[in-house]
Every structure is written in C-alpha cells, then in structure tokens.
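Data file: start-v4.txt. Format and content: compact mmCIF, C-alpha atoms.
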# COMPACT_ATOMS: atom_id res chain seq x y z
CA MET A 1 10.95 -24.63 -17.10
CA SER A 2 9.38 -21.56 -15.49
CA LYS A 3 7.08 -22.02 -12.52
CA ASN A 4 3.34 -21.38 -12.77
CA ILE A 5 2.01 -18.85 -10.25
CA LEU A 6 -1.63 -18.35 -9.27
CA PHE A 7 -1.88 -14.65 -8.42
CA ILE A 8 -4.91 -14.07 -6.16
CA VAL A 9 -6.06 -10.45 -6.04
CA ASN A 10 -9.15 -8.36 -5.31
CA THR A 11 -11.31 -7.27 -8.23
CA GLY A 12 -10.71 -3.72 -9.47
CA THR A 13 -8.37 -1.85 -11.75
CA ILE A 14 -4.75 -2.97 -11.64
CA SER A 15 -2.57 -0.05 -12.64
CA SER A 16 0.31 1.99 -11.29
CA ASN A 17 -1.79 5.08 -12.08
CA GLU A 18 -4.69 4.06 -9.85
CA ASN A 19 -4.92 3.91 -6.03
CA GLY A 20 -2.16 2.69 -3.72
CA GLY A 21 -3.37 -0.92 -3.57
CA ALA A 22 -3.70 -1.13 -7.37
CA SER A 23 -0.15 0.20 -7.69
CA VAL A 24 1.17 -2.55 -5.41
CA TYR A 25 -0.66 -5.21 -7.43
CA TYR A 26 0.77 -3.85 -10.68
CA SER A 27 4.27 -3.63 -9.22
CA HIS A 28 4.25 -7.23 -7.99
CA LEU A 29 2.84 -8.54 -11.28
CA GLU A 30 5.43 -6.66 -13.30
CA ILE A 31 8.33 -7.98 -11.21
CA LEU A 32 7.03 -11.58 -11.39
CA HIS A 33 6.52 -11.25 -15.13
CA LYS A 34 10.03 -9.90 -15.71
CA ALA A 35 11.42 -12.66 -13.48
CA GLY A 36 10.08 -15.16 -16.01
CA PHE A 37 7.18 -16.74 -14.10
CA LYS A 38 3.95 -17.82 -15.81
CA ILE A 39 0.99 -16.14 -14.13
CA GLN A 40 -2.69 -17.10 -13.81
CA LEU A 41 -4.66 -14.26 -12.20
CA LEU A 42 -7.61 -15.08 -9.95
CA ALA A 43 -9.74 -11.93 -9.59
CA VAL A 44 -11.77 -12.33 -6.40
CA GLU A 45 -15.03 -10.43 -6.09
CA TRP A 46 -15.49 -10.28 -2.33
CA SER A 47 -18.93 -9.49 -0.92
CA ASN A 48 -17.97 -5.86 -0.28
CA SER A 49 -15.79 -5.25 -3.37
CA ILE A 50 -16.50 -3.82 -6.81
CA LEU A 51 -17.87 -6.01 -9.59
CA TYR A 52 -15.52 -7.87 -11.91
CA LYS A 53 -14.94 -6.00 -15.20
CA LYS A 54 -12.62 -7.14 -18.00
CA GLU A 55 -11.51 -3.59 -18.73
CA ASP A 56 -9.93 -3.29 -15.27
CA TYR A 57 -7.12 -5.60 -16.42
CA ILE A 58 -6.17 -4.04 -19.76
CA GLU A 59 -2.78 -2.82 -18.54
CA ILE A 60 -1.71 -6.21 -17.20
CA GLN A 61 -3.07 -8.57 -19.87
CA HIS A 62 0.37 -8.96 -21.47
CA MET A 63 1.77 -10.18 -18.12
CA VAL A 64 -0.69 -13.00 -17.45
CA ASP A 65 -1.73 -16.21 -19.24
CA ALA A 66 -5.32 -16.09 -17.98
CA ILE A 67 -7.69 -13.99 -15.86
CA ILE A 68 -10.21 -16.02 -13.85
CA PRO A 69 -13.10 -14.25 -12.05
CA PHE A 70 -14.28 -15.79 -8.77
CA LYS A 71 -17.01 -14.81 -6.32
CA PRO A 72 -16.55 -16.68 -3.02
CA GLU A 73 -19.49 -18.23 -1.21
CA VAL A 74 -20.35 -16.59 2.10
CA GLU A 75 -21.79 -18.73 4.89
CA LEU A 76 -23.29 -16.80 7.78
CA PRO A 77 -22.42 -18.32 11.17
CA LYS A 78 -24.88 -20.17 13.31
CA LYS A 79 -25.47 -18.93 16.82
CA GLY A 80 -24.74 -21.07 19.82
CA ILE A 81 -21.91 -23.05 21.34
CA ALA A 82 -20.23 -23.70 17.94
CA ARG A 83 -19.85 -19.94 17.46
CA ILE A 84 -18.21 -19.59 20.87
CA ILE A 85 -15.85 -22.47 20.14
CA ASP A 86 -14.84 -20.82 16.85
CA ALA A 87 -14.10 -17.57 18.67
CA ILE A 88 -11.74 -19.43 20.99
CA ILE A 89 -10.10 -21.98 18.68
CA SER A 90 -10.61 -20.72 15.10
CA PRO A 91 -10.76 -16.92 15.05
CA GLU A 92 -10.40 -16.95 11.24
CA ILE A 93 -13.74 -18.79 10.91
CA PHE A 94 -15.29 -16.55 13.56
CA GLU A 95 -14.28 -13.33 11.76
CA TYR A 96 -14.35 -14.19 8.04
CA TYR A 97 -17.43 -15.86 6.55
CA PHE A 98 -15.73 -16.75 3.26
CA ILE A 99 -13.63 -19.28 5.17
CA ASN A 100 -15.62 -22.41 4.35
CA ARG A 101 -15.43 -25.77 2.56
CA LYS A 102 -16.97 -24.57 -0.73
CA ASN A 103 -14.29 -21.94 -1.32
CA THR A 104 -11.40 -24.15 -0.24
CA PHE A 105 -12.66 -26.91 -2.54
CA PHE A 106 -12.80 -24.45 -5.46
CA LEU A 107 -9.25 -23.24 -4.85
CA ASN A 108 -7.82 -26.75 -4.51
CA GLU A 109 -9.53 -27.83 -7.74
CA LEU A 110 -8.28 -24.74 -9.58
CA VAL A 111 -4.69 -25.33 -8.45
CA LEU A 112 -4.84 -28.90 -9.80
CA LYS A 113 -6.57 -27.94 -13.03
CA LYS A 114 -4.12 -25.13 -13.84
CA SER A 115 -1.02 -27.07 -12.70
CA VAL A 116 -0.10 -24.27 -10.28
CA ASP A 117 3.30 -24.48 -8.59
CA ILE A 118 3.01 -21.48 -6.22
CA VAL A 119 0.14 -19.35 -4.96
CA TRP A 120 0.78 -15.63 -4.53
CA SER A 121 -1.96 -13.97 -2.48
CA GLU A 122 -2.35 -10.19 -2.39
CA TRP A 123 -3.71 -8.62 0.77
CA ARG A 124 -5.16 -10.21 3.88
CA TRP A 125 -8.36 -11.88 2.65
CA ALA A 126 -6.67 -13.56 -0.32
CA GLY A 127 -3.92 -14.71 2.02
CA LEU A 128 -6.45 -16.19 4.45
CA LEU A 129 -8.31 -18.02 1.69
CA ALA A 130 -5.10 -19.55 0.30
CA TRP A 131 -3.66 -20.49 3.70
CA TYR A 132 -6.89 -22.01 5.06
CA SER A 133 -7.37 -24.08 1.89
CA LYS A 134 -4.40 -26.25 2.95
CA LEU A 135 -2.95 -26.37 -0.54
CA LYS A 136 -0.15 -28.84 -1.23
CA ILE A 137 2.02 -26.13 -2.81
CA PRO A 138 3.80 -23.08 -1.31
CA VAL A 139 1.71 -20.00 -0.51
CA ILE A 140 3.29 -16.54 -0.55
CA TYR A 141 1.38 -13.78 1.24
CA ALA A 142 1.85 -10.20 0.05
CA HIS A 143 1.35 -8.34 3.32
CA HIS A 144 0.07 -4.75 2.95
CA ASP A 145 -0.35 -3.71 6.59
CA TRP A 146 -1.38 -4.92 10.05
CA GLU A 147 -5.14 -4.46 10.27
CA TYR A 148 -5.12 -4.61 14.06
CA LYS A 149 -2.66 -1.71 14.29
CA LEU A 150 -4.77 0.53 12.06
CA ALA A 151 -7.91 -0.40 14.01
CA LYS A 152 -6.29 0.79 17.24
CA LEU A 153 -5.81 4.27 15.75
CA ARG A 154 -9.51 4.80 15.18
CA SER A 155 -10.93 7.30 17.64
CA LYS A 156 -14.22 5.54 18.45
CA ARG A 157 -13.79 1.94 19.56
CA THR A 158 -16.56 0.04 21.32
CA PHE A 159 -16.00 -3.02 23.49
CA PHE A 160 -17.04 -5.29 20.61
CA GLY A 161 -14.81 -3.32 18.26
CA ARG A 162 -11.83 -3.92 20.55
CA PHE A 163 -12.74 -7.61 20.80
CA HIS A 164 -12.83 -8.03 17.01
CA THR A 165 -9.52 -6.18 16.73
CA PHE A 166 -7.99 -8.68 19.17
CA GLN A 167 -9.42 -11.58 17.16
CA LYS A 168 -8.11 -10.19 13.88
CA LYS A 169 -4.68 -9.79 15.42
CA ARG A 170 -4.75 -13.50 16.28
CA VAL A 171 -5.75 -14.28 12.69
CA GLU A 172 -3.02 -12.10 11.20
CA PHE A 173 -0.39 -13.80 13.33
CA LYS A 174 -1.70 -17.26 12.38
CA LEU A 175 -1.58 -16.27 8.72
CA VAL A 176 2.05 -15.14 8.63
CA LYS A 177 3.03 -18.25 10.59
CA GLY A 178 1.09 -20.57 8.29
CA VAL A 179 2.26 -19.48 4.82
CA GLU A 180 5.65 -20.42 3.35
CA GLY A 181 6.79 -16.84 2.80
CA CYS A 182 5.73 -13.20 3.04
CA ILE A 183 6.40 -10.11 0.94
CA SER A 184 6.08 -6.65 2.49
CA GLY A 185 6.54 -3.11 1.24
CA SER A 186 7.71 -2.09 4.71
CA VAL A 187 11.14 -3.08 6.02
CA THR A 188 9.96 -2.69 9.62
CA GLU A 189 6.93 -4.93 9.08
CA THR A 190 9.15 -7.42 7.26
CA LYS A 191 11.24 -7.67 10.43
CA GLU A 192 8.09 -8.03 12.55
CA ILE A 193 6.82 -10.86 10.32
CA ILE A 194 10.15 -12.70 10.62
CA GLN A 195 10.11 -12.30 14.40
CA ILE A 196 6.51 -13.54 14.71
CA SER A 197 6.62 -16.36 12.18
CA LYS A 198 10.27 -17.48 12.26
CA LYS A 199 9.83 -17.87 8.50
CA LYS A 200 11.10 -16.21 5.35
CA ALA A 201 9.98 -12.67 4.55
CA LEU A 202 11.26 -10.21 1.95
CA TYR A 203 11.07 -6.43 1.70
CA ILE A 204 10.04 -5.28 -1.79
CA PRO A 205 9.02 -1.61 -2.14
CA THR A 206 6.31 -0.56 -4.57
CA THR A 207 7.98 0.05 -7.92
CA TYR A 208 7.14 2.38 -10.79
CA LYS A 209 8.30 3.19 -14.30
CA GLU A 210 10.72 6.10 -14.44
CA VAL A 211 9.26 9.36 -15.77
CA THR A 212 10.72 12.67 -16.87
CA PRO A 213 8.65 15.55 -15.47
CA LYS A 214 7.35 17.76 -18.27
CA LEU A 215 6.35 20.74 -16.11
CA LEU A 216 8.83 23.40 -15.04
CA PRO A 217 9.62 24.20 -11.38
CA ASN A 218 7.39 26.83 -9.79
CA SER A 219 8.99 30.14 -8.79
CA ILE A 220 7.47 29.55 -5.34
CA PRO A 221 7.18 25.83 -4.62
CA ASN A 222 3.74 24.39 -4.02
CA ILE A 223 3.11 22.04 -1.12
CA ILE A 224 1.79 18.72 -2.43
CA HIS A 225 -0.22 16.01 -0.68
CA LEU A 226 -0.85 12.89 -2.77
CA GLY A 227 -3.27 10.09 -1.93
CA GLY A 228 -6.98 9.39 -1.68
CA MET A 229 -8.87 9.92 1.55
CA GLY A 230 -9.96 6.28 1.64
CA THR A 231 -6.58 5.54 3.19
CA THR A 232 -6.41 6.17 6.95
CA ALA A 233 -2.88 7.60 6.85
CA ASN A 234 -3.78 10.07 4.09
CA ARG A 235 -7.02 11.19 5.70
CA LEU A 236 -5.81 11.63 9.29
CA GLY A 237 -2.35 12.80 8.28
CA LEU A 238 -3.65 15.60 6.07
CA GLU A 239 -6.08 16.79 8.73
CA ARG A 240 -3.28 16.90 11.30
CA PHE A 241 -1.12 18.91 8.88
CA LEU A 242 -3.94 21.41 8.45
CA ASP A 243 -4.41 21.68 12.21
CA VAL A 244 -0.75 21.98 13.21
CA CYS A 245 1.27 23.29 10.26
CA TRP A 246 -0.78 24.97 7.58
CA GLY A 247 -1.73 28.21 9.32
CA LYS A 248 1.88 28.97 10.34
CA VAL A 249 3.29 28.12 6.90
CA LYS A 250 0.71 30.32 5.19
CA LYS A 251 1.43 33.19 7.58
CA LYS A 252 5.14 33.14 6.65
CA HIS A 253 4.46 32.59 2.95
CA PRO A 254 1.04 34.13 2.16
CA SER A 255 1.12 33.15 -1.52
CA ILE A 256 1.91 29.48 -0.87
CA LYS A 257 -0.43 26.88 -2.37
CA LEU A 258 -1.35 23.48 -0.96
CA ILE A 259 -2.29 21.07 -3.76
CA VAL A 260 -4.27 18.03 -2.64
CA ILE A 261 -4.27 15.19 -5.20
CA GLY A 262 -6.56 12.21 -4.68
CA SER A 263 -10.19 11.34 -4.19
CA LEU A 264 -12.02 13.12 -1.35
CA LYS A 265 -14.89 10.60 -1.28
CA GLN A 266 -14.15 9.34 2.23
CA ALA A 267 -13.01 12.63 3.72
CA SER A 268 -14.83 13.63 6.91
CA ASN A 269 -16.98 16.75 7.01
CA THR A 270 -14.47 18.43 9.34
CA LEU A 271 -11.64 17.73 6.90
CA LEU A 272 -13.67 19.07 3.97
CA GLU A 273 -14.35 22.27 5.93
CA LYS A 274 -10.62 22.73 6.59
CA LEU A 275 -9.86 22.23 2.89
CA ASN A 276 -12.20 25.10 2.03
CA ASP A 277 -9.34 27.62 1.86
CA SER A 278 -8.42 29.98 -0.97
CA ASN A 279 -4.80 28.77 -0.82
CA ILE A 280 -5.78 25.11 -1.17
CA GLU A 281 -6.58 23.40 -4.47
CA CYS A 282 -8.18 19.95 -4.39
CA LEU A 283 -7.67 18.25 -7.75
CA GLY A 284 -9.38 14.95 -6.94
CA PHE A 285 -8.10 11.79 -8.61
CA VAL A 286 -5.59 12.62 -11.37
CA LYS A 287 -4.91 9.92 -13.96
CA ASP A 288 -1.77 11.51 -15.40
CA LEU A 289 0.43 13.00 -12.68
CA LEU A 290 2.74 14.49 -15.32
CA GLU A 291 0.03 17.10 -15.84
CA VAL A 292 0.13 18.35 -12.24
CA MET A 293 3.41 17.33 -10.54
CA HIS A 294 6.02 20.08 -10.80
CA PRO A 295 9.63 19.16 -10.02
CA GLN A 296 11.08 20.81 -6.91
CA ASP A 297 7.71 21.26 -5.23
CA ILE A 298 7.52 20.36 -1.51
CA HIS A 299 5.81 17.01 -0.99
CA ILE A 300 4.50 16.25 2.50
CA ILE A 301 3.78 13.00 4.32
CA PRO A 302 2.48 14.14 7.73
CA TRP A 303 1.30 10.73 9.01
CA GLU A 304 2.70 10.29 12.54
CA TYR A 305 2.78 6.50 12.82
CA ASN A 306 4.81 3.63 11.40
CA THR A 307 2.00 1.58 9.89
CA GLY A 308 1.88 -0.20 6.55
CA THR A 309 3.75 1.35 3.68
CA ARG A 310 3.42 4.64 1.85
CA THR A 311 2.81 3.19 -1.61
CA ARG A 312 3.03 6.62 -3.30
CA LEU A 313 6.30 7.67 -1.70
CA PRO A 314 8.47 6.50 -4.65
CA LEU A 315 6.46 8.82 -6.90
CA VAL A 316 7.68 11.81 -4.89
CA LEU A 317 11.25 10.94 -5.83
CA ASN A 318 10.32 9.92 -9.39
CA TYR A 319 8.74 13.33 -10.08
CA GLU A 320 11.74 15.08 -8.55
CA GLN A 321 9.86 16.66 -5.67
CA VAL A 322 11.35 17.29 -2.24
CA LEU A 323 10.03 14.92 0.41
CA VAL A 324 9.27 16.45 3.81
CA ALA A 325 7.92 13.73 6.10
CA THR A 326 7.66 12.60 9.69
CA LYS A 327 10.29 10.03 10.61
CA GLU A 328 7.63 7.54 11.69
CA SER A 329 5.81 7.69 8.33
CA VAL A 330 8.91 6.61 6.37
CA LYS A 331 10.43 4.09 8.78
CA ALA A 332 9.25 1.45 6.34
CA PHE A 333 11.78 2.76 3.79
CA PRO A 334 15.49 2.32 4.58
CA GLU A 335 16.24 4.16 1.33
CA ILE A 336 15.00 7.50 2.73
CA LYS A 337 17.82 9.38 4.45
CA ASP A 338 17.36 12.64 6.35
CA LYS A 339 19.21 15.59 4.78
CA GLN A 340 20.47 13.34 1.95
CA ASN A 341 17.39 12.74 -0.19
CA ALA A 342 14.62 14.02 2.09
CA ILE A 343 13.85 16.16 5.11
CA LEU A 344 12.58 14.15 8.06
CA CYS A 345 10.92 15.53 11.17
CA ASN A 346 10.29 14.14 14.65
CA ILE A 347 7.03 16.03 15.12
CA LEU A 348 4.72 18.18 12.99
CA ASP A 349 5.98 21.41 14.57
CA GLU A 350 9.37 20.54 13.08
CA MET A 351 7.70 19.97 9.73
CA THR A 352 6.29 23.49 9.90
CA LEU A 353 9.73 25.03 10.47
CA ASN A 354 11.40 22.89 7.83
CA ILE A 355 8.86 23.83 5.17
CA ILE A 356 9.11 27.52 6.04
CA ASN A 357 12.90 27.39 5.80
CA ILE A 358 13.39 25.19 2.72
CA ILE A 359 11.17 27.39 0.56
CA LYS A 360 13.81 30.13 0.84
CA HIS A 361 16.67 27.92 -0.42
CA LYS A 362 16.28 26.98 -4.09
CA ASN A 363 19.74 25.43 -4.34
CA ARG A 364 18.98 23.09 -1.46
CA ILE A 365 15.63 22.18 -3.02
CA TYR A 366 17.40 21.29 -6.27
CA GLU A 367 20.03 19.17 -4.48
CA LEU A 368 17.43 17.17 -2.56
CA SER A 369 15.22 16.64 -5.61
CA LYS A 370 18.20 15.40 -7.64
CA ALA A 371 19.29 13.02 -4.87
CA GLY A 372 15.73 11.72 -4.55
CA LYS A 373 15.57 10.93 -8.25
CA GLU A 374 18.85 9.01 -8.06
CA THR A 375 17.45 6.99 -5.15
CA PHE A 376 14.32 6.21 -7.14
CA ILE A 377 16.26 4.85 -10.11
CA GLU A 378 18.49 2.73 -7.87
CA LYS A 379 15.82 1.30 -5.54
CA PHE A 380 12.24 1.81 -6.75
CA THR A 381 12.15 0.44 -10.30
CA CYS A 382 11.06 -3.03 -11.41
CA ASN A 383 14.49 -3.98 -12.74
CA SER A 384 16.17 -3.16 -9.42
CA ASN A 385 14.01 -5.73 -7.60
CA VAL A 386 13.64 -8.64 -10.04
CA GLU A 387 16.63 -10.74 -9.00
CA LYS A 388 16.04 -10.61 -5.25
CA LEU A 389 12.39 -11.64 -5.64
CA LYS A 390 13.32 -14.42 -8.06
CA THR A 391 15.93 -15.75 -5.61
CA PHE A 392 13.45 -15.56 -2.72
CA ILE A 393 10.80 -17.60 -4.57
CA GLU A 394 13.33 -20.18 -5.74
CA LYS A 395 14.43 -20.80 -2.15
CA ILE A 396 10.84 -21.25 -0.98
CA SER A 397 9.78 -23.56 -3.79
Any chance you could give the structure as structure tokens?
Amino acid sequence: MSKNILFIVNTGTISSNENGGASVYYSHLEILHKAGFKIQLLAVEWSNSILYKKEDYIEIQHMVDAIIPFKPEVELPKKGIARIIDAIISPEIFEYYFINRKNTFFLNELVLKKSVDIVWSEWRWAGLLAWYSKLKIPVIYAHHDWEYKLAKLRSKRTFFGRFHTFQKKRVEFKLVKGVEGCISGSVTETKEIIQISKKKALYIPTTYKEVTPKLLPNSIPNIIHLGGMGTTANRLGLERFLDVCWGKVKKKHPSIKLIVIGSLKQASNTLLEKLNDSNIECLGFVKDLLEVMHPQDIHIIPWEYNTGTRTRLPLVLNYEQVLVATKESVKAFPEIKDKQNAILCNILDEMTLNIINIIKHKNRIYELSKAGKETFIEKFTCNSNVEKLKTFIEKIS
C-alpha cells in the first residue's frame, strides 16, 4: 500500500514554466507522483504571499488527491520579559509569528483526518510549521537555501538586521536537526545539512521535461541571462556581469546581443539604467522558452557565490545552450564539469575572456552544447531521480 504524503507548499502557481521556486515544487511533486505516493497538497497562504487561486494548480491536479487551502493565524508578540526569553530560548517563536498553538493544532488535526504517513514541507516557513507542530509522523524538509547566508550578502545591514540574521541562522540549524530528513537541490548544502544535523539528507536537482529546441542556431551566438530579478543571485549577478564583462565583450564583438529573460519587477534603478543599451533586449517573463531559446547560444551565470541552487541551470543544458558560469555559482551541481559540458571561470574577468574566445569557435560551441544535453537527459529528468528519492523516503519512514 502506497504511503500518503501531505505536501505543504506556498500558495502560487506550481509549474516548471514559472519562477524558480514554482519549478522546484513541480519537480518534487512529479517525482513523488511517479514514485507511487498518494499526495494531499496543503496550499499555505502566508501573510505576505499571494492569494489562493484554484487555477494556479491546473498543471499538478493529476498528481494530487486533494488541494487544501490554509491561511495560518498570526499572533503578534507581546512586549516584555517573555519576548526576551523567546529571543534566547525559542528564536523560532521570536522570529516567526505563525508559530503558535492554533496553527499547530490545525496541522495535527489535518494529519489525523487525512491519515497522513509523511509530511513533505517545501521551503523554510512550511518546514518550521511542520517541525514545530511536533507531529507523530516523519517530516521531510525540502531545503531551498540558507536564509542567513543570503542576508549576509546584502549591502546595507543595520545592527538589528544582523541580530535577526543571527537568530534566523539559529532557527535554520534547529530545523534541519529537528526533522527526520532533508532534500536539497545543492550537493554542497546537502553536505552542510548532514554535518550540522547528523541526519539523513539527499541531493535532488530540479528536474524538467526534455524538449527539442525548435529555433535554429544564430550565426553569431547571443548571450543569454535567464531568471527574474526577484532572486538575489540573478539580480546582483547580472549587474556584476554588466559592470565587469559586458563592455569588453561588446568591444570585441560589436554586434553581440545580450538577451535578458525574466521579470524585471524587483530590479534596482541602477540595474535598469545599465540595461538601457541598444545591444541588450529585455524580454520579461517568457511562458514558452521554445520561442526564444536558440541552441548554441552562450548562457551566463555570473553569480559569484555558492548559495542555494540555480534552479534554471538544467534548462541551459535542455535547450542545448553553452553554459559559461563562475565556479562558485555551480558548486551545487556535481554534474557540471569544466571543459566537458560547460565553461567555468574563477572570476568574472575570466568569464569575459572565455566568452570572447568561444564565440569564434563554432565547433567547440556545438561539442559543449551536445555534451550538456546528454548530461541533462542522464541527470536532470524526473525518471532519473525517482528511485533514489523513493529509497530515501522508505528508509526514513
């Protein structure tokens, strides 16, 4: 008899053709579905998230037995000695106001009512809610990134900002120690979780359906940057590329085009000014990448840190583009090999030189794009990850 999983996820569209987070949710659901688990989906409308809409779940309806909307109660903290004690002893209560008896009671009742065997919680807040509820069944936490690490990269950090970052680090460590198992899309963060928690953790990259590009290669490859500016790595990485690399690349190849795919809603004014260039095309969010992704174009990931996971990286290989990335940005992916299926750079100045040089060598571009596609089929599809996730869950439960 197949096990019944309660899949806790933020409200919003779940699709591999949406943002990075939505792609991870879809990938995990698809793998669980193909592994034979029964799935109840709890769509959580957090206080700062988008409203629950039935149409957001059209693509995944065939994978789940039920979709249950839930809006957690928020209890604002009282000032005084109790607040100070929480800061010292219970940082999760201090930082997150949805951690309270009403929400834990709801979750415990739901687990009993739906005869749930395992809870799968996507992202940090869902993980905290499930862990703190002290359920009598295993909780698996799908870890997306370390919040405290990303917070440290922000340029303006007040004293209170640094204090809250420290508190959230404590919470994140308590969470990975408290749950029965963790899933991560980063092999390096999987190792960190194991070291911190001494518990089971599994690396599962974001997976996608294989596509056959319908556009022809460009005579002069475009440079492609994919990802919305709501993601720190996309926003800061692209701006750094424009500051360090773009002018030199354009000088050597005056007709080169930089195609920026993804929403610009959260781009800074300085970034928007830098994108105002006749050689740059900003396409915004594109629903069907087959309409814009040419095989053998040069795809950049200029993020200079090893944080989280690049959820869109498999698409680079799937669409047969040539990945040119910093080594730090792809440390999460053991599948990416320098000079075998990608070009990896220590610093952005190296990225500049590599882009300038690779554009001249069409045969090399073809070889790398072909190798990347082979890697995608072998490592980044649903079918290639089903058995290892199934085995992992069986050992935990």
>> Between atom CA of A:Cys382 and atom CA of A:Leu32, what distance in Å does the model show, to one decimal?
In response: 9.5 Å
Closest pair table for stretch 225-273 of chain A residues within 8 Å of stretch 287-306 of chain A, all atoms listed in the file, as a tab-separated table:
residue	atom	partner	partner_atom	distance
A:His225	CA	A:Ile300	CA	5.7
A:Ala233	CA	A:Trp303	CA	5.7
A:Asn234	CA	A:Trp303	CA	7.1
A:Leu236	CA	A:Trp303	CA	7.2
A:Gly237	CA	A:Trp303	CA	4.3
A:Leu238	CA	A:Pro302	CA	6.5
A:Arg240	CA	A:Pro302	CA	7.3
A:Phe241	CA	A:Pro302	CA	6.1
> What does the distance between atom CA of A:Ile60 and atom CA of A:Lys134 come to in Å, to one decimal place?
Replying inline: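 These two atoms are separated by 28.5 Å.
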>> If I take atom CA of A:Phe163 and atom CA of A:Glu75, how far is one from the other in Å, to one decimal?
In response: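 About the pair atom CA of A:Phe163 and atom CA of A:Glu75: they are 21.4 Å apart.
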> Given the choices A:Thr352, A:Thr270, A:Asn341, A:Thr188, which gets closest to A:Glu374 if the distance is worked out from all atoms listed in the file?
Replying inline: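 Answer, going by the shortest atom-to-atom distance: A:Asn341.
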>> Using only C-alpha atoms, list the residues that have an atom at most 12 Å from (-0.5, -15.6, 13.8), coordinates as in the file, as a list in words.
In response: Ser90, Pro91, Glu92, Leu128, Trp131, Trp146, Tyr148, Phe166, Gln167, Lys168, Lys169, Arg170, Val171, Glu172, Phe173, Lys174, Leu175, Val176, Lys177, Gly178, Val179, Glu192, Ile193, Ile194, Gln195, Ile196, Ser197, Lys198 and Lys199 of chain A
